[in-house]
file structure_17.pdb (PDB, C-alpha atoms)
MODEL        1
ATOM      1  CA  MET A 634      -5.232  16.086  12.257
ATOM      2  CA  ILE A 635      -8.983  15.972  11.798
ATOM      3  CA  GLY A 636     -11.000  16.376  14.955
ATOM      4  CA  LYS A 637      -9.667  13.910  17.519
ATOM      5  CA  TYR A 638      -7.882  11.708  14.962
ATOM      6  CA  PHE A 639      -4.240  11.671  13.937
ATOM      7  CA  VAL A 640      -4.347  10.346  10.355
ATOM      8  CA  THR A 641      -1.766   8.239   8.519
ATOM      9  CA  ASP A 642      -2.360   7.641   4.818
ATOM     10  CA  ALA A 643      -0.705   4.267   4.295
ATOM     11  CA  HIS A 644      -0.853   4.080   0.491
ATOM     12  CA  CYS A 645       0.678   6.897  -1.581
ATOM     13  CA  HIS A 646       2.760   6.721  -4.759
ATOM     14  CA  ILE A 647       5.302   9.443  -5.525
ATOM     15  CA  TYR A 648       7.647   9.939  -8.472
ATOM     16  CA  PRO A 649      10.463  12.319  -9.458
ATOM     17  CA  GLU A 650       8.981  15.409 -11.052
ATOM     18  CA  LYS A 651      10.608  14.745 -14.442
ATOM     19  CA  ILE A 652       8.893  11.367 -14.873
ATOM     20  CA  ALA A 653       5.718  11.800 -12.802
ATOM     21  CA  ALA A 654       3.398  12.553 -15.720
ATOM     22  CA  ARG A 655       4.666   9.574 -17.705
ATOM     23  CA  ALA A 656       4.407   7.231 -14.698
ATOM     24  CA  ILE A 657       0.850   8.356 -13.976
ATOM     25  CA  ALA A 658      -0.161   7.938 -17.613
ATOM     26  CA  GLY A 659       1.070   4.351 -17.517
ATOM     27  CA  THR A 660      -0.938   3.522 -14.391
ATOM     28  CA  ASP A 661      -4.016   5.319 -15.705
ATOM     29  CA  GLY A 662      -3.812   3.330 -18.908
ATOM     30  CA  PHE A 663      -3.466   0.047 -17.041
ATOM     31  CA  TYR A 664      -6.583   0.741 -14.961
ATOM     32  CA  HIS A 665      -8.544   2.868 -17.453
ATOM     33  CA  GLU A 666      -8.651   5.632 -14.837
ATOM     34  CA  HIS A 667      -7.734   9.316 -14.648
ATOM     35  CA  SER A 668      -5.529  10.365 -11.757
ATOM     36  CA  VAL A 669      -6.506  13.655 -10.153
ATOM     37  CA  CYS A 670      -3.168  14.634  -8.577
ATOM     38  CA  ALA A 671       0.371  15.379  -9.738
ATOM     39  CA  GLY A 672       2.185  12.360  -8.312
ATOM     40  CA  THR A 673       5.059  14.267  -6.669
ATOM     41  CA  ALA A 674       5.867  14.669  -2.978
ATOM     42  CA  ASP A 675       5.218  18.420  -3.241
ATOM     43  CA  GLY A 676       1.829  17.725  -4.796
ATOM     44  CA  LEU A 677       1.008  15.234  -2.070
ATOM     45  CA  LEU A 678       1.686  17.760   0.671
ATOM     46  CA  LYS A 679      -0.444  20.548  -0.838
ATOM     47  CA  ALA A 680      -3.291  21.525   1.464
ATOM     48  CA  GLU A 681      -5.995  20.987  -1.149
ATOM     49  CA  ASN A 682      -4.865  17.360  -1.443
ATOM     50  CA  SER A 683      -3.885  16.541   2.113
ATOM     51  CA  GLU A 684      -5.984  18.582   4.523
ATOM     52  CA  GLY A 685      -6.637  16.527   7.647
ATOM     53  CA  VAL A 686      -3.910  13.954   6.943
ATOM     54  CA  ASP A 687      -0.864  14.098   9.215
ATOM     55  CA  ARG A 688       1.509  11.535   7.739
ATOM     56  CA  PHE A 689       1.957   9.679   4.444
ATOM     57  CA  ILE A 690       3.535   6.309   3.718
ATOM     58  CA  VAL A 691       5.096   6.715   0.274
ATOM     59  CA  GLN A 692       6.322   4.205  -2.258
ATOM     60  CA  SER A 693       6.909   3.422  -5.915
ATOM     61  CA  VAL A 694       7.247   0.215  -7.955
ATOM     62  CA  ALA A 695      10.220  -1.074  -9.963
ATOM     63  CA  THR A 696       9.115  -2.534 -13.299
ATOM     64  CA  THR A 697      12.654  -3.824 -13.968
ATOM     65  CA  PRO A 698      15.402  -4.965 -11.563
ATOM     66  CA  HIS A 699      17.761  -2.145 -12.507
ATOM     67  CA  GLN A 700      15.237   0.429 -11.202
ATOM     68  CA  VAL A 701      15.243  -0.928  -7.641
ATOM     69  CA  LYS A 702      18.289   0.926  -6.306
ATOM     70  CA  SER A 703      17.418   4.322  -7.813
ATOM     71  CA  ILE A 704      13.758   4.162  -6.728
ATOM     72  CA  ASN A 705      14.681   3.248  -3.165
ATOM     73  CA  GLU A 706      17.216   6.068  -3.009
ATOM     74  CA  PHE A 707      14.617   8.485  -4.393
ATOM     75  CA  ILE A 708      12.022   7.486  -1.788
ATOM     76  CA  ALA A 709      14.573   7.721   1.029
ATOM     77  CA  GLY A 710      15.663  11.141  -0.223
ATOM     78  CA  GLU A 711      12.106  12.477  -0.205
ATOM     79  CA  VAL A 712      11.567  11.126   3.311
ATOM     80  CA  GLU A 713      14.778  12.802   4.455
ATOM     81  CA  LYS A 714      13.418  16.167   3.282
ATOM     82  CA  ARG A 715      10.170  15.805   5.296
ATOM     83  CA  PRO A 716      10.670  13.201   8.033
ATOM     84  CA  ASP A 717       7.799  14.749   9.986
ATOM     85  CA  LYS A 718       5.383  13.969   7.150
ATOM     86  CA  LEU A 719       6.725  11.077   5.095
ATOM     87  CA  VAL A 720       7.521   7.433   5.805
ATOM     88  CA  GLY A 721       9.095   5.396   3.011
ATOM     89  CA  LEU A 722       8.689   1.876   1.682
ATOM     90  CA  GLY A 723      11.193   0.299  -0.679
ATOM     91  CA  THR A 724      10.624  -1.674  -3.851
ATOM     92  CA  LEU A 725      11.998  -5.049  -4.918
ATOM     93  CA  HIS A 726      11.840  -7.054  -8.136
ATOM     94  CA  PRO A 727      11.769 -10.875  -8.313
ATOM     95  CA  ASN A 728      14.137 -10.922 -11.304
ATOM     96  CA  SER A 729      16.924  -9.192  -9.357
ATOM     97  CA  THR A 730      20.150 -11.185  -9.121
ATOM     98  CA  ASP A 731      20.824  -9.820  -5.622
ATOM     99  CA  ILE A 732      17.588  -9.633  -3.645
ATOM    100  CA  LYS A 733      19.511  -9.984  -0.392
ATOM    101  CA  GLY A 734      21.645  -6.982  -1.324
ATOM    102  CA  ASP A 735      18.583  -5.002  -2.389
ATOM    103  CA  ILE A 736      16.969  -5.620   0.996
ATOM    104  CA  LYS A 737      20.134  -4.659   2.866
ATOM    105  CA  HIS A 738      20.277  -1.447   0.853
ATOM    106  CA  LEU A 739      16.681  -0.459   1.586
ATOM    107  CA  LEU A 740      17.182  -1.235   5.288
ATOM    108  CA  ASP A 741      20.333   0.901   5.305
ATOM    109  CA  LEU A 742      18.265   3.703   3.752
ATOM    110  CA  GLY A 743      15.838   3.518   6.680
ATOM    111  CA  LEU A 744      12.860   2.330   4.643
ATOM    112  CA  LYS A 745      10.126   0.684   6.689
ATOM    113  CA  GLY A 746       8.811  -2.036   4.393
ATOM    114  CA  VAL A 747       8.388  -3.167   0.797
ATOM    115  CA  LYS A 748       5.835  -2.384  -1.908
ATOM    116  CA  LEU A 749       5.097  -5.012  -4.574
ATOM    117  CA  HIS A 750       2.633  -4.845  -7.462
ATOM    118  CA  PRO A 751       2.343  -8.320  -9.034
ATOM    119  CA  ASP A 752       0.029  -7.213 -11.863
ATOM    120  CA  ILE A 753       2.220  -4.338 -13.054
ATOM    121  CA  GLN A 754       5.535  -6.072 -12.284
ATOM    122  CA  GLY A 755       4.322  -9.175 -14.103
ATOM    123  CA  PHE A 756       4.566 -12.011 -11.612
ATOM    124  CA  LYS A 757       2.131 -14.212  -9.728
ATOM    125  CA  ILE A 758       2.229 -13.794  -5.946
ATOM    126  CA  ASP A 759       3.084 -17.493  -5.528
ATOM    127  CA  ASP A 760       5.716 -17.515  -8.291
ATOM    128  CA  TYR A 761       8.870 -19.356  -7.185
ATOM    129  CA  ARG A 762      10.923 -16.253  -8.075
ATOM    130  CA  CYS A 763       9.278 -14.385  -5.192
ATOM    131  CA  LEU A 764       9.994 -16.909  -2.467
ATOM    132  CA  LYS A 765      13.376 -15.363  -1.615
ATOM    133  CA  ILE A 766      11.665 -11.998  -1.181
ATOM    134  CA  TYR A 767       9.159 -13.447   1.264
ATOM    135  CA  GLU A 768      11.818 -15.402   3.131
ATOM    136  CA  LEU A 769      14.051 -12.365   3.603
ATOM    137  CA  CYS A 770      11.222  -9.960   4.411
ATOM    138  CA  GLU A 771       9.999 -12.413   7.044
ATOM    139  CA  GLU A 772      13.521 -12.757   8.444
ATOM    140  CA  ASN A 773      14.050  -8.986   8.568
ATOM    141  CA  ARG A 774      10.539  -8.195   9.873
ATOM    142  CA  LEU A 775       9.776  -6.117   6.789
ATOM    143  CA  PRO A 776       6.036  -5.748   6.091
ATOM    144  CA  ILE A 777       4.966  -6.005   2.450
ATOM    145  CA  LEU A 778       2.300  -3.699   1.059
ATOM    146  CA  MET A 779       1.091  -5.644  -1.954
ATOM    147  CA  HIS A 780      -1.385  -4.823  -4.660
ATOM    148  CA  THR A 781      -4.050  -7.521  -4.501
ATOM    149  CA  GLY A 782      -6.900  -8.399  -6.814
ATOM    150  CA  ASP A 783      -7.953  -7.853 -10.400
ATOM    151  CA  SER A 784     -10.872  -9.569 -12.101
ATOM    152  CA  ARG A 785      -9.053  -9.287 -15.448
ATOM    153  CA  TYR A 786      -5.962 -11.263 -14.440
ATOM    154  CA  ASP A 787      -4.744 -13.977 -12.101
ATOM    155  CA  PHE A 788      -1.560 -12.513 -10.663
ATOM    156  CA  SER A 789      -2.691 -11.284  -7.250
ATOM    157  CA  ASN A 790      -6.056 -12.820  -6.422
ATOM    158  CA  PRO A 791      -6.732 -14.700  -3.143
ATOM    159  CA  ASN A 792      -5.839 -18.100  -4.638
ATOM    160  CA  ARG A 793      -2.297 -16.767  -5.190
ATOM    161  CA  LEU A 794      -1.975 -14.946  -1.867
ATOM    162  CA  LEU A 795      -3.311 -17.512   0.599
ATOM    163  CA  PRO A 796      -0.635 -20.198   0.004
ATOM    164  CA  VAL A 797       2.122 -17.645   0.657
ATOM    165  CA  LEU A 798       0.517 -16.450   3.884
ATOM    166  CA  LYS A 799       0.189 -20.036   5.089
ATOM    167  CA  ILE A 800       3.866 -20.816   4.415
ATOM    168  CA  TYR A 801       5.436 -17.573   5.666
ATOM    169  CA  ILE A 802       3.447 -17.296   8.873
ATOM    170  CA  ASP A 803       5.666 -14.582  10.369
ATOM    171  CA  LEU A 804       5.490 -12.400   7.253
ATOM    172  CA  THR A 805       3.155  -9.419   7.510
ATOM    173  CA  VAL A 806       1.318  -8.574   4.279
ATOM    174  CA  ILE A 807      -1.014  -5.642   3.706
ATOM    175  CA  GLY A 808      -3.356  -6.519   0.865
ATOM    176  CA  ALA A 809      -4.176  -3.259  -0.887
ATOM    177  CA  HIS A 810      -7.735  -2.442  -1.956
ATOM    178  CA  PHE A 811      -9.458  -4.499   0.746
ATOM    179  CA  GLY A 812      -7.443  -7.520  -0.386
ATOM    180  CA  GLY A 813      -8.938  -7.637  -3.872
ATOM    181  CA  TRP A 814      -9.336  -4.712  -6.268
ATOM    182  CA  SER A 815     -12.522  -5.193  -8.337
ATOM    183  CA  ILE A 816     -13.338  -8.388  -6.385
ATOM    184  CA  TRP A 817     -13.728  -6.709  -3.007
ATOM    185  CA  GLU A 818     -16.455  -8.843  -1.452
ATOM    186  CA  GLU A 819     -15.178 -12.164  -2.803
ATOM    187  CA  ALA A 820     -11.665 -11.410  -1.553
ATOM    188  CA  SER A 821     -12.819 -10.358   1.898
ATOM    189  CA  ARG A 822     -14.770 -13.590   2.357
ATOM    190  CA  LYS A 823     -11.799 -15.718   1.300
ATOM    191  CA  LEU A 824      -9.095 -13.796   3.147
ATOM    192  CA  CYS A 825     -10.722 -12.735   6.410
ATOM    193  CA  GLY A 826      -9.343 -14.435   9.486
ATOM    194  CA  THR A 827      -5.840 -14.878   8.032
ATOM    195  CA  PRO A 828      -3.626 -13.976  11.001
ATOM    196  CA  ASN A 829      -0.705 -12.370   9.146
ATOM    197  CA  LEU A 830      -2.830 -10.353   6.691
ATOM    198  CA  TYR A 831      -3.945  -6.726   6.937
ATOM    199  CA  VAL A 832      -5.733  -4.767   4.208
ATOM    200  CA  ASP A 833      -6.074  -1.134   3.234
ATOM    201  CA  CYS A 834      -9.109   0.676   1.831
ATOM    202  CA  SER A 835      -7.337   2.449  -1.048
ATOM    203  CA  SER A 836      -9.058   2.623  -4.465
ATOM    204  CA  SER A 837     -12.113   0.898  -3.057
ATOM    205  CA  LEU A 838     -14.559   3.347  -1.492
ATOM    206  CA  PRO A 839     -15.500   5.049  -4.800
ATOM    207  CA  TYR A 840     -16.554   1.702  -6.288
ATOM    208  CA  ILE A 841     -18.578   0.017  -3.570
ATOM    209  CA  LYS A 842     -21.639   0.949  -1.563
ATOM    210  CA  ARG A 843     -21.230   2.518   1.845
ATOM    211  CA  GLU A 844     -22.841  -0.411   3.646
ATOM    212  CA  THR A 845     -20.723  -2.897   1.691
ATOM    213  CA  ALA A 846     -17.554  -1.077   2.747
ATOM    214  CA  LYS A 847     -18.625  -1.232   6.391
ATOM    215  CA  GLU A 848     -19.396  -4.940   6.069
ATOM    216  CA  ILE A 849     -15.975  -5.628   4.561
ATOM    217  CA  ILE A 850     -14.198  -3.649   7.281
ATOM    218  CA  ARG A 851     -16.034  -5.507   9.998
ATOM    219  CA  ARG A 852     -15.504  -8.848   8.272
ATOM    220  CA  TYR A 853     -11.750  -8.321   8.471
ATOM    221  CA  GLY A 854     -11.991  -6.481  11.802
ATOM    222  CA  ALA A 855     -10.980  -2.857  12.353
ATOM    223  CA  ASP A 856      -7.659  -3.966  13.844
ATOM    224  CA  ARG A 857      -6.776  -5.407  10.397
ATOM    225  CA  VAL A 858      -7.587  -2.396   8.189
ATOM    226  CA  LEU A 859      -5.506   0.679   7.258
ATOM    227  CA  PHE A 860      -6.590   3.924   5.668
ATOM    228  CA  GLY A 861      -5.034   4.611   2.266
ATOM    229  CA  SER A 862      -5.809   7.014  -0.574
ATOM    230  CA  ASP A 863      -3.817   5.606  -3.528
ATOM    231  CA  TYR A 864      -2.486   9.096  -4.286
ATOM    232  CA  PRO A 865      -2.121  10.358  -7.020
ATOM    233  CA  MET A 866      -5.098   8.474  -8.431
ATOM    234  CA  ARG A 867      -7.154  10.161  -5.728
ATOM    235  CA  SER A 868      -6.511  12.926  -3.238
ATOM    236  CA  PRO A 869      -5.967  11.954   0.390
ATOM    237  CA  LYS A 870      -8.478  14.615   1.434
ATOM    238  CA  SER A 871     -11.310  13.253  -0.696
ATOM    239  CA  GLU A 872     -10.588   9.675   0.364
ATOM    240  CA  LEU A 873     -10.509  10.711   4.026
ATOM    241  CA  ASP A 874     -13.882  12.418   3.611
ATOM    242  CA  ALA A 875     -15.252   9.242   2.004
ATOM    243  CA  PHE A 876     -13.879   7.100   4.817
ATOM    244  CA  LEU A 877     -15.314   9.303   7.563
ATOM    245  CA  SER A 878     -18.705   9.212   5.835
ATOM    246  CA  LEU A 879     -18.883   5.515   6.763
ATOM    247  CA  GLU A 880     -19.551   6.660  10.332
ATOM    248  CA  LEU A 881     -17.631   3.894  12.029
ATOM    249  CA  THR A 882     -17.137   3.901  15.785
ATOM    250  CA  GLU A 883     -14.472   6.044  17.412
ATOM    251  CA  ASP A 884     -12.443   2.941  18.263
ATOM    252  CA  GLU A 885     -12.636   1.667  14.668
ATOM    253  CA  ASN A 886     -11.555   5.047  13.324
ATOM    254  CA  GLN A 887      -8.612   5.287  15.722
ATOM    255  CA  LYS A 888      -7.309   1.892  14.623
ATOM    256  CA  ILE A 889      -7.817   2.312  10.890
ATOM    257  CA  LEU A 890      -6.647   5.916  10.611
ATOM    258  CA  ASN A 891      -3.399   5.507  12.539
ATOM    259  CA  LYS A 892      -2.982   2.869  15.228
ATOM    260  CA  ASN A 893      -2.668  -0.131  12.926
ATOM    261  CA  ALA A 894      -0.101   1.591  10.689
ATOM    262  CA  CYS A 895       1.947   2.542  13.752
ATOM    263  CA  GLU A 896       2.034  -1.050  14.946
ATOM    264  CA  ILE A 897       2.886  -2.550  11.553
ATOM    265  CA  PHE A 898       5.600  -0.052  10.597
ATOM    266  CA  ASN A 899       6.862   0.663  14.123
ATOM    267  CA  LEU A 900       5.943   4.353  14.024
ATOM    268  CA  GLU A 901       5.451   6.748  16.898
TER     269      GLU A 901
ENDMDL
END
call {"tool": "encode", "arguments": {"input": "structure_17.pdb", "output": "structure tokens"}}
result
Amino acid sequence: MIGKYFVTDAHCHIYPEKIAARAIAGTDGFYHEHSVCAGTADGLLKAENSEGVDRFIVQSVATTPHQVKSINEFIAGEVEKRPDKLVGLGTLHPNSTDIKGDIKHLLDLGLKGVKLHPDIQGFKIDDYRCLKIYELCEENRLPILMHTGDSRYDFSNPNRLLPVLKIYIDLTVIGAHFGGWSIWEEASRKLCGTPNLYVDCSSSLPYIKRETAKEIIRRYGADRVLFGSDYPMRSPKSELDAFLSLELTEDENQKILNKNACEIFNLE
């Protein structure tokens, strides 16, 4: 809790301690970045990382189909240890031979949605292999938090996302990084007004000007934006400080910091 705001960080990655360093090194190499945190649930909950944040939505990404089951069980296990602090999302992979079974399993585990990363998992958002995922997530009311945007590639840019949103009109998608990492303004202009799309502000505020961030938020509308830190790349505390420095209205802050996440993921 910070001041009058209950805060939900809707974008955190966690890994088992034995592989966390290797997983972080892979992501850092992909983005030419240097993560500042340890990448474990214990590290996430340390006061120096999480001061002011009340709840964390945690996830990981399967780079091969055989990782799906073990990752989802790991996330569910970490949530079970700290249900007051953690909410879990599952992972899926479009090359799985049993996507329906994978979704049943993550629902049985109590996970609240799905995380996909087209660029790292190696598929285009509108790839035919993904259509079963979208169909079943729509049917089961499972929101998808999806990495979106990269000026270097064409896996997850708006031209790939928009056709899916227009076909699966009852599917809720949260486009990470204001809907377009490294193409923030372009993405916001193309994607704003899409009724089944939300975005989060993770891995965005350090790269864009304060006024630009406010413009993007208001272009989408505060009822369409979630707060997210992208832990372990950045600490939730530092990202929360950066977000509050935007000096949005009280109503905008209430929606972005918690209300929208509660509505999407059916949280109290």
call {"tool": "residues_near_point", "arguments": {"input": "structure_17.pdb", "point": "(16.6, -5.8, -9.0)", "cutoff": "9 Å", "atoms": "all atoms listed in the file", "output": "PDB file with C-alpha atoms, in the frame of the given file"}}
result
ATOM      1  CA  ALA A 695      10.220  -1.074  -9.963  1.00  0.00           C
ATOM      2  CA  THR A 697      12.654  -3.824 -13.968  1.00  0.00           C
ATOM      3  CA  PRO A 698      15.402  -4.965 -11.563  1.00  0.00           C
ATOM      4  CA  HIS A 699      17.761  -2.145 -12.507  1.00  0.00           C
ATOM      5  CA  GLN A 700      15.237   0.429 -11.202  1.00  0.00           C
ATOM      6  CA  VAL A 701      15.243  -0.928  -7.641  1.00  0.00           C
ATOM      7  CA  LYS A 702      18.289   0.926  -6.306  1.00  0.00           C
ATOM      8  CA  THR A 724      10.624  -1.674  -3.851  1.00  0.00           C
ATOM      9  CA  LEU A 725      11.998  -5.049  -4.918  1.00  0.00           C
ATOM     10  CA  HIS A 726      11.840  -7.054  -8.136  1.00  0.00           C
ATOM     11  CA  PRO A 727      11.769 -10.875  -8.313  1.00  0.00           C
ATOM     12  CA  ASN A 728      14.137 -10.922 -11.304  1.00  0.00           C
ATOM     13  CA  SER A 729      16.924  -9.192  -9.357  1.00  0.00           C
ATOM     14  CA  THR A 730      20.150 -11.185  -9.121  1.00  0.00           C
ATOM     15  CA  ASP A 731      20.824  -9.820  -5.622  1.00  0.00           C
ATOM     16  CA  ILE A 732      17.588  -9.633  -3.645  1.00  0.00           C
ATOM     17  CA  ASP A 735      18.583  -5.002  -2.389  1.00  0.00           C
TER      18      ASP A 735
END
call {"tool": "residues_around", "arguments": {"input": "structure_17.pdb", "residues": "Lys892 of chain A", "least_positions_apart": "6", "cutoff": "10 Å", "atoms": "only C-alpha atoms", "output": "PyMOL selection string"}}
result
chain A and resi 639-641+856+858-859+884-886+900-901
call {"tool": "atom_distance", "arguments": {"input": "structure_17.pdb", "atom1": "atom CA of Leu877 of chain A", "atom2": "atom CA of Ser862 of chain A"}}
result
12.7 Å
call {"tool": "resolve_selection", "arguments": {"input": "structure_17.pdb", "expression": "the PyMOL selection byres ((chain A and resi 841) around 12)", "output": "short mmCIF file (atom, residue, chain, number, x, y, z; two decimals) with C-alpha atoms, in the frame of the given file"}}
result
data_model
loop_
_atom_site.label_atom_id
_atom_site.label_comp_id
_atom_site.auth_asym_id
_atom_site.auth_seq_id
_atom_site.Cartn_x
_atom_site.Cartn_y
_atom_site.Cartn_z
CA HIS A 810 -7.74 -2.44 -1.96
CA PHE A 811 -9.46 -4.50 0.75
CA TRP A 814 -9.34 -4.71 -6.27
CA SER A 815 -12.52 -5.19 -8.34
CA ILE A 816 -13.34 -8.39 -6.38
CA TRP A 817 -13.73 -6.71 -3.01
CA GLU A 818 -16.45 -8.84 -1.45
CA CYS A 834 -9.11 0.68 1.83
CA SER A 835 -7.34 2.45 -1.05
CA SER A 836 -9.06 2.62 -4.46
CA SER A 837 -12.11 0.90 -3.06
CA LEU A 838 -14.56 3.35 -1.49
CA PRO A 839 -15.50 5.05 -4.80
CA TYR A 840 -16.55 1.70 -6.29
CA LYS A 842 -21.64 0.95 -1.56
CA ARG A 843 -21.23 2.52 1.84
CA GLU A 844 -22.84 -0.41 3.65
CA THR A 845 -20.72 -2.90 1.69
CA ALA A 846 -17.55 -1.08 2.75
CA LYS A 847 -18.62 -1.23 6.39
CA GLU A 848 -19.40 -4.94 6.07
CA ILE A 849 -15.98 -5.63 4.56
CA ALA A 875 -15.25 9.24 2.00
CA PHE A 876 -13.88 7.10 4.82
CA LEU A 879 -18.88 5.52 6.76
#
call {"tool": "atom_distance", "arguments": {"input": "structure_17.pdb", "atom1": "atom CA of Tyr664 of chain A", "atom2": "atom CA of Asp759 of chain A"}}
result
22.7 Å
call {"tool": "atom_distance", "arguments": {"input": "structure_17.pdb", "atom1": "atom CA of Gln754 of chain A", "atom2": "atom CA of Pro776 of chain A"}}
result
18.4 Å
call {"tool": "closest_residue", "arguments": {"input": "structure_17.pdb", "among": "A:Lys765, A:Ala820, A:Pro865, A:Leu881", "to": "Thr781 of chain A", "atoms": "all atoms listed in the file"}}
result
A:Ala820
call {"tool": "resolve_selection", "arguments": {"input": "structure_17.pdb", "expression": "the PyMOL selection byres ((chain A and resi 770) around 12)", "output": "NGL selection string"}}
result
:A and (723-725 or 732-733 or 735-737 or 739-740 or 745-749 or 763-769 or 771-778 or 801-806)
call {"tool": "closest_residue", "arguments": {"input": "structure_17.pdb", "among": "A:Pro716, A:Pro791, A:Gly662, A:Gly861", "to": "Leu830 of chain A", "atoms": "only C-alpha atoms"}}
result
A:Pro791
call {"tool": "resolve_selection", "arguments": {"input": "structure_17.pdb", "expression": "the PyMOL selection byres ((chain A and resi 654-658) around 12)", "output": "ChimeraX atom specification"}}
result
/A:646-653,659-673,693-696,753,863-867
call {"tool": "axis_aligned_box", "arguments": {"input": "structure_17.pdb", "around": "segment 660-674 of chain A", "padding_each_side": "3 Å", "output": "lines of an AutoDock Vina configuration file"}}
result
center_x = -1.4
center_y = 7.7
center_z = -10.9
size_x = 20.5
size_y = 21.3
size_z = 21.9
call {"tool": "closest_residue", "arguments": {"input": "structure_17.pdb", "among": "A:Glu711, A:Glu872, A:Glu819, A:Asp833", "to": "Ala894 of chain A", "atoms": "only C-alpha atoms"}}
result
A:Asp833
call {"tool": "closest_residue", "arguments": {"input": "structure_17.pdb", "among": "A:Lys823, A:Arg793, A:Arg688, A:Lys637", "to": "Val720 of chain A", "atoms": "only C-alpha atoms"}}
result
A:Arg688
call {"tool": "closest_residue", "arguments": {"input": "structure_17.pdb", "among": "A:Leu719, A:Gly826, A:Glu684, A:Asn705", "to": "Cys645 of chain A", "atoms": "all atoms listed in the file"}}
result
A:Leu719
call {"tool": "residues_near_point", "arguments": {"input": "structure_17.pdb", "point": "(-5.7, -16.2, -3.2)", "cutoff": "12 Å", "atoms": "only C-alpha atoms", "output": "ChimeraX atom specification"}}
result
/A:757-759,781-783,787-799,808,812-813,816,819-825,827,830
call {"tool": "decode", "arguments": {"input": "structure_17.pdb", "residues": "segment 854-888 of chain A", "atoms": "C-alpha atoms", "output": "mmCIF file, in the first residue's frame"}}
result
data_model
loop_
_atom_site.group_PDB
_atom_site.id
_atom_site.type_symbol
_atom_site.label_atom_id
_atom_site.label_comp_id
_atom_site.auth_asym_id
_atom_site.auth_seq_id
_atom_site.Cartn_x
_atom_site.Cartn_y
_atom_site.Cartn_z
ATOM 1 C CA GLY A 854 -7.805 5.552 -21.527
ATOM 2 C CA ALA A 855 -6.944 4.875 -17.886
ATOM 3 C CA ASP A 856 -9.564 2.118 -17.735
ATOM 4 C CA ARG A 857 -7.455 0.194 -20.302
ATOM 5 C CA VAL A 858 -4.022 0.407 -18.637
ATOM 6 C CA LEU A 859 -2.399 -1.753 -15.925
ATOM 7 C CA PHE A 860 0.673 -1.088 -13.839
ATOM 8 C CA GLY A 861 3.508 -3.568 -14.370
ATOM 9 C CA SER A 862 7.207 -3.600 -13.504
ATOM 10 C CA ASP A 863 8.623 -6.431 -15.661
ATOM 11 C CA TYR A 864 10.471 -7.811 -12.626
ATOM 12 C CA PRO A 865 13.287 -8.936 -12.557
ATOM 13 C CA MET A 866 14.434 -6.584 -15.307
ATOM 14 C CA ARG A 867 13.373 -3.757 -13.013
ATOM 15 C CA SER A 868 12.280 -3.531 -9.405
ATOM 16 C CA PRO A 869 8.590 -2.994 -8.700
ATOM 17 C CA LYS A 870 9.502 -0.199 -6.286
ATOM 18 C CA SER A 871 11.460 1.818 -8.839
ATOM 19 C CA GLU A 872 8.789 1.327 -11.498
ATOM 20 C CA LEU A 873 6.072 2.384 -9.052
ATOM 21 C CA ASP A 874 8.041 5.533 -8.232
ATOM 22 C CA ALA A 875 8.377 6.251 -11.963
ATOM 23 C CA PHE A 876 4.663 5.713 -12.510
ATOM 24 C CA LEU A 877 3.633 7.978 -9.635
ATOM 25 C CA SER A 878 5.947 10.691 -10.972
ATOM 26 C CA LEU A 879 3.567 11.015 -13.937
ATOM 27 C CA GLU A 880 1.168 12.759 -11.551
ATOM 28 C CA LEU A 881 -1.999 11.345 -13.028
ATOM 29 C CA THR A 882 -5.357 12.000 -11.399
ATOM 30 C CA GLU A 883 -6.496 10.018 -8.379
ATOM 31 C CA ASP A 884 -9.111 8.235 -10.490
ATOM 32 C CA GLU A 885 -6.526 7.299 -13.141
ATOM 33 C CA ASN A 886 -4.158 5.979 -10.485
ATOM 34 C CA GLN A 887 -6.869 3.899 -8.812
ATOM 35 C CA LYS A 888 -7.748 2.214 -12.101
#
